[in-house]
>>> print(open('coords29.txt').read())   # compact mmCIF, C-alpha atoms
# COMPACT_ATOMS: atom_id res chain seq x y z
CA MET A 1 62.79 149.10 68.20
CA PRO A 2 59.02 148.52 68.42
CA ARG A 3 58.05 145.16 69.85
CA SER A 4 54.90 143.21 69.30
CA LEU A 5 52.30 143.29 72.05
CA LYS A 6 52.99 139.65 72.82
CA GLU A 7 56.73 140.20 73.17
CA GLU A 8 56.27 143.28 75.30
CA THR A 9 53.75 141.47 77.51
CA ALA A 10 56.01 138.45 77.91
CA LEU A 11 58.97 140.63 78.90
CA LEU A 12 56.90 142.59 81.42
CA LEU A 13 55.44 139.44 82.96
CA GLU A 14 58.79 137.68 83.14
CA ASP A 15 60.31 140.69 84.84
CA TYR A 16 57.46 140.85 87.35
CA PHE A 17 57.60 137.12 88.06
CA GLN A 18 61.36 137.25 88.58
CA HIS A 19 60.96 140.26 90.82
CA ARG A 20 58.25 138.44 92.75
CA SER A 21 60.54 135.47 93.18
CA GLY A 22 63.15 137.68 94.79
CA SER A 23 65.25 139.00 91.94
CA ALA A 24 66.95 142.26 92.86
CA ALA A 25 67.41 143.46 89.28
CA LEU A 26 66.23 146.94 88.40
CA PRO A 27 63.07 147.21 86.29
CA PRO A 28 64.00 147.21 82.60
CA SER A 29 61.47 149.90 81.67
CA PRO A 30 59.15 152.46 83.28
CA THR A 31 56.21 150.21 82.42
CA ALA A 32 57.86 147.30 84.23
CA ALA A 33 58.35 149.54 87.26
CA VAL A 34 54.67 150.55 87.23
CA LEU A 35 53.60 146.92 86.91
CA ARG A 36 55.87 145.86 89.76
CA ARG A 37 54.58 148.59 92.03
CA ALA A 38 50.89 148.24 91.24
CA ALA A 39 51.08 144.45 91.56
CA ALA A 40 53.00 144.63 94.84
CA GLU A 41 50.39 146.99 96.25
CA LEU A 42 47.52 144.72 95.23
CA GLU A 43 49.31 141.62 96.49
CA ARG A 44 50.01 143.30 99.83
CA GLN A 45 46.37 144.31 100.26
CA GLU A 46 45.02 140.89 99.32
CA ARG A 47 47.78 138.74 100.78
CA PRO A 48 45.57 136.13 102.51
CA PHE A 49 43.83 135.25 99.27
CA PHE A 50 47.00 135.06 97.19
CA ARG A 51 48.71 132.99 99.87
CA SER A 52 45.85 130.56 99.76
CA CYS A 53 46.34 130.25 95.99
CA ALA A 54 49.99 129.20 96.19
CA PRO A 55 49.25 125.50 96.86
CA LEU A 56 47.32 125.38 93.58
CA ALA A 57 50.62 125.44 91.71
CA ARG A 58 51.58 121.83 91.20
CA ALA A 59 55.12 120.80 90.47
CA GLU A 60 54.37 120.68 86.77
CA PRO A 61 54.37 124.12 85.06
CA ARG A 62 51.98 122.94 82.35
CA GLU A 63 49.34 122.16 84.98
CA ALA A 64 49.76 125.59 86.50
CA ALA A 65 49.53 127.14 83.04
CA ALA A 66 46.34 125.20 82.35
CA LEU A 67 44.85 126.38 85.65
CA LEU A 68 45.86 129.94 84.80
CA GLY A 69 44.15 129.62 81.43
CA ARG A 70 40.93 128.37 83.03
CA VAL A 71 40.96 131.14 85.62
CA ALA A 72 41.65 133.77 82.94
CA ALA A 73 38.79 132.54 80.76
CA GLN A 74 36.42 132.42 83.73
CA LEU A 75 37.52 135.85 84.95
CA GLU A 76 36.91 137.41 81.59
CA ALA A 77 33.61 135.59 80.98
CA ASP A 78 31.84 137.44 83.78
CA GLY A 79 31.53 141.03 82.59
CA GLY A 80 34.64 141.37 80.46
CA LEU A 81 38.07 142.68 81.28
CA ASN A 82 39.21 145.82 83.05
CA TRP A 83 42.62 146.97 84.25
CA GLY A 84 41.89 145.89 87.81
CA ARG A 85 40.99 142.35 86.73
CA LEU A 86 44.03 142.21 84.50
CA LEU A 87 46.27 143.25 87.38
CA ALA A 88 44.63 140.71 89.70
CA LEU A 89 45.23 138.02 87.08
CA VAL A 90 48.88 139.01 86.75
CA VAL A 91 49.33 138.87 90.53
CA PHE A 92 47.64 135.46 90.60
CA ALA A 93 50.00 134.24 87.87
CA GLY A 94 52.90 135.70 89.86
CA THR A 95 51.76 133.72 92.90
CA LEU A 96 51.74 130.50 90.88
CA ALA A 97 55.12 131.37 89.35
CA ALA A 98 56.68 132.06 92.75
CA ALA A 99 55.26 128.81 94.12
CA LEU A 100 56.71 126.88 91.19
CA ALA A 101 60.09 128.55 91.63
CA GLU A 102 60.04 127.70 95.34
CA ARG A 103 59.44 124.06 94.46
CA GLY A 104 62.55 124.04 92.35
CA CYS A 105 60.89 124.46 88.98
CA SER A 106 63.14 127.20 87.66
CA ASP A 107 61.43 127.21 84.26
CA GLY A 108 57.98 127.72 85.79
CA PRO A 109 57.94 131.53 85.82
CA ARG A 110 59.04 131.73 82.19
CA CYS A 111 56.48 129.14 81.14
CA LEU A 112 53.65 130.96 82.92
CA ALA A 113 54.78 134.31 81.52
CA ALA A 114 54.71 132.87 78.01
CA HIS A 115 51.24 131.37 78.52
CA LEU A 116 49.75 134.51 80.02
CA ALA A 117 51.39 136.74 77.41
CA ALA A 118 49.98 134.56 74.64
CA TYR A 119 46.52 134.69 76.23
CA LEU A 120 46.58 138.45 76.76
CA ALA A 121 48.05 139.33 73.37
CA GLU A 122 46.13 136.83 71.29
CA GLU A 123 42.80 136.39 73.07
CA ARG A 124 42.56 139.81 74.68
CA GLY A 125 44.78 141.75 72.29
CA GLU A 126 41.84 143.67 70.89
CA TRP A 127 40.83 144.86 74.34
CA LEU A 128 44.40 145.76 75.22
CA GLU A 129 44.91 147.72 72.00
CA ALA A 130 41.59 149.50 72.47
CA HIS A 131 42.70 150.60 75.94
CA GLY A 132 46.10 151.85 74.89
CA GLY A 133 48.14 148.70 75.46
CA TRP A 134 50.70 148.86 78.24
CA ASP A 135 50.82 152.65 77.84
CA GLY A 136 47.18 152.60 78.88
CA PHE A 137 48.10 150.48 81.88
CA CYS A 138 50.73 153.07 82.81
CA ARG A 139 48.23 155.88 82.45
CA PHE A 140 45.77 154.02 84.65
CA PHE A 141 48.13 152.86 87.38
CA GLY A 142 51.28 154.82 86.78
CA ARG A 143 50.59 157.97 88.65
CA HIS A 144 48.98 156.30 91.58
CA GLY A 145 49.97 152.64 91.59
CA SER A 146 52.74 152.42 94.12
CA GLU A 147 52.03 155.69 95.76
CA ALA A 148 48.33 155.17 96.08
CA ALA A 149 48.51 155.11 99.82
CA GLU A 150 50.73 158.16 99.84
CA GLN A 151 48.48 159.99 97.46
CA SER A 152 45.27 159.08 99.20
CA SER A 153 46.78 160.07 102.51
CA THR A 154 48.12 163.30 101.01
CA ILE A 155 44.81 164.20 99.46
CA GLY A 156 43.08 163.02 102.60
CA ASN A 157 45.34 165.28 104.64
CA ALA A 158 44.54 168.21 102.38
CA ILE A 159 40.81 167.54 102.71
CA MET A 160 41.13 167.14 106.47
CA ALA A 161 43.11 170.38 106.71
CA ALA A 162 40.45 172.21 104.69
CA ALA A 163 37.69 170.70 106.84
CA ALA A 164 39.55 171.65 110.02
CA GLY A 165 40.03 175.19 108.72
CA ILE A 166 36.34 175.52 107.93
CA GLY A 167 35.45 174.09 111.34
CA MET A 168 37.73 176.51 113.17
CA ALA A 169 36.41 179.44 111.15
CA GLY A 170 32.86 178.38 112.04
CA LEU A 171 33.76 178.07 115.72
CA ALA A 172 35.42 181.49 115.70
CA PHE A 173 32.35 182.93 113.99
CA LEU A 174 30.08 181.45 116.67
CA LEU A 175 32.30 182.72 119.49
CA VAL A 176 32.53 186.23 118.05
CA ARG A 177 28.77 186.46 117.51
CA MET B 1 23.90 119.88 70.58
CA PRO B 2 20.38 121.08 69.83
CA GLY B 3 18.76 123.33 72.35
CA ARG B 4 22.02 124.23 74.04
CA THR B 5 24.27 127.19 73.48
CA LEU B 6 27.99 126.84 73.81
CA ARG B 7 29.90 129.60 75.53
CA LYS B 8 32.92 130.51 73.55
CA THR B 9 35.00 132.03 76.31
CA ALA B 10 34.17 129.85 79.29
CA PRO B 11 35.14 126.23 78.93
CA PRO B 12 34.18 123.93 81.81
CA ALA B 13 36.40 124.90 84.71
CA ALA B 14 37.44 123.04 87.83
CA PRO B 15 35.90 124.27 91.10
CA ALA B 16 39.22 125.70 92.27
CA ALA B 17 39.57 127.69 89.06
CA VAL B 18 36.00 128.96 89.36
CA GLU B 19 36.50 130.00 92.98
CA CYS B 20 39.78 131.71 92.16
CA ALA B 21 38.24 133.49 89.21
CA LEU B 22 35.31 134.73 91.31
CA GLU B 23 37.59 136.09 93.99
CA LEU B 24 39.96 137.61 91.43
CA THR B 25 36.97 139.25 89.75
CA ARG B 26 35.91 140.79 93.04
CA ILE B 27 39.44 141.93 93.84
CA GLY B 28 40.02 143.24 90.34
CA ASP B 29 36.75 145.16 90.21
CA ARG B 30 37.39 146.67 93.64
CA TRP B 31 40.90 147.65 92.60
CA ASP B 32 39.69 149.07 89.32
CA LEU B 33 37.11 151.23 91.08
CA ARG B 34 39.62 152.35 93.69
CA GLN B 35 42.08 153.40 91.00
CA ARG B 36 39.39 155.20 89.01
CA LEU B 37 38.50 157.19 92.12
CA LEU B 38 42.15 158.01 92.77
CA ASN B 39 42.56 159.10 89.16
CA LEU B 40 39.46 161.26 89.45
CA LEU B 41 40.72 162.84 92.66
CA ALA B 42 44.08 163.49 91.06
CA LYS B 43 42.36 165.03 88.07
CA LEU B 44 40.31 167.31 90.33
CA PHE B 45 43.17 168.26 92.63
CA CYS B 46 45.99 168.35 90.11
CA PRO B 47 44.55 169.31 86.72
CA GLY B 48 47.82 171.01 85.72
CA THR B 49 49.87 167.94 86.46
CA TRP B 50 47.36 165.78 84.61
CA ALA B 51 47.68 167.96 81.52
CA ALA B 52 51.43 168.42 81.85
CA ARG B 53 51.96 164.67 81.74
CA GLY B 54 50.38 164.59 78.35
CA HIS B 55 47.88 162.01 79.51
CA GLY B 56 49.88 159.17 78.15
CA GLU B 57 53.42 160.33 78.40
CA ARG B 58 55.67 157.79 80.00
CA ASN B 59 58.03 159.36 82.44
CA GLY B 60 58.70 156.43 84.69
CA GLY B 61 57.85 157.76 88.07
CA GLY B 62 58.38 161.47 87.69
CA PRO B 63 56.69 163.82 90.08
CA TRP B 64 53.04 163.36 89.23
CA LEU B 65 51.67 164.42 92.57
CA CYS B 66 50.38 167.94 92.97
CA GLY B 67 53.00 168.42 95.61
CA PHE B 68 51.00 168.78 98.77
CA GLY B 69 53.57 168.88 101.48
CA ARG B 70 56.47 168.34 99.15
CA ARG B 71 59.40 170.68 99.48
CA GLY B 72 59.87 172.95 96.49
CA SER B 73 56.67 171.82 94.91
CA THR B 74 55.42 175.33 94.31
CA ASP B 75 58.41 176.68 92.46
CA THR B 76 58.63 174.40 89.50
CA GLY B 77 58.05 177.29 87.14
CA ARG B 78 54.96 175.81 85.57
>>> encode(input="coords29.txt", output="structure tokens")
Amino acid sequence: MPRSLKEETALLLEDYFQHRSGSAALPPSPTAAVLRRAAAELERQERPFFRSCAPLARAEPREAAALLGRVAAQLEADGGLNWGRLLALVVFAGTLAAALAERGCSDGPRCLAAHLAAYLAEERGEWLEAHGGWDGFCRFFGRHGSEAAEQSSTIGNAIMAAAAGIGMAGLAFLLVR
Amino acid sequence: MPGRTLRKTAPPAAPAAVECALELTRIGDRWDLRQRLLNLLAKLFCPGTWAARGHGERNGGGPWLCGFGRRGSTDTGR
């Protein structure tokens, strides 16, 4: 059954936040799996910054949601949105959600997911629709998100192998001459 | 207020929010560029796979990679 963008976004964010907080449940959809993987990769690469953000989450979810709203508005104000910024924002929200959950605020992740979903679907819905919605996100990150390192190393290996082959051929040519 | 323009999308933000947003912008832009490059490389190295996936088809983690170094990657019958 087709869901609204807001519903779909809220479900994806809730799943990611729960996963981030340690839930072992399987991803409910391929899109959720892509979001989990891409977000985990970004969070791993930028861990020091996201760790430093955790203390910003106060005990009150509404404060964290307000902070998230301010950050989202500021983020978007400088040059508009792109998939990378959106992913960074989701990871930031996940950091706040995990911090709230750690402080015993079990409703925090759901509250933040609802706030961010409302912002993305209502304020940035036009941008999301224009870029293919969450299908567009999957197209952008899906093939390379989690396996970016693997892919870049694989392609890198292929390039290195080609370069080595050319180098050896050149050396052989020089020796034979 | 006369002589001043109000920004619709950027209400006054606390310093922490501004700092976070700046850093997230940098991280997001870097990540966006990185992914665009990866997508471009994949498109150059694996044009068949790119087309076969329908450029929008959701397959939830199917084999998108060209198959460098992957066993059986050359006999898929494509």
>>> residues_near_point(input="coords29.txt", point="(37.8, 145.1, 90.9)", cutoff="12 Å", atoms="only C-alpha atoms", output="number ranges by chain")
A: 42, 46, 75, 79-89; B: 21-36
>>> residues_around(input="coords29.txt", residues="region 23-26 of chain A", least_positions_apart="5", cutoff="12 Å", atoms="all atoms listed in the file", output="count of residues only")
10
>>> residues_around(input="coords29.txt", residues="region 14-16 of chain B", least_positions_apart="2", cutoff="10 Å", atoms="all atoms listed in the file", output="list in words")
Cys53, Leu56, Leu67, Arg70 and Val71 of chain A; Pro11, Pro12, Val18, Glu19, Cys20, Ala21 and Leu22 of chain B
>>> residues_around(input="coords29.txt", residues="Arg51 (chain A)", least_positions_apart="4", cutoff="10 Å", atoms="all atoms listed in the file", output="JSON, numbers by chain")
{"A": [43, 46, 47, 55, 56, 92, 95, 96, 99]}
>>> atom_distance(input="coords29.txt", atom1="CA of Ala121 (chain A)", atom2="CA of Ser21 (chain A)")
23.7 Å
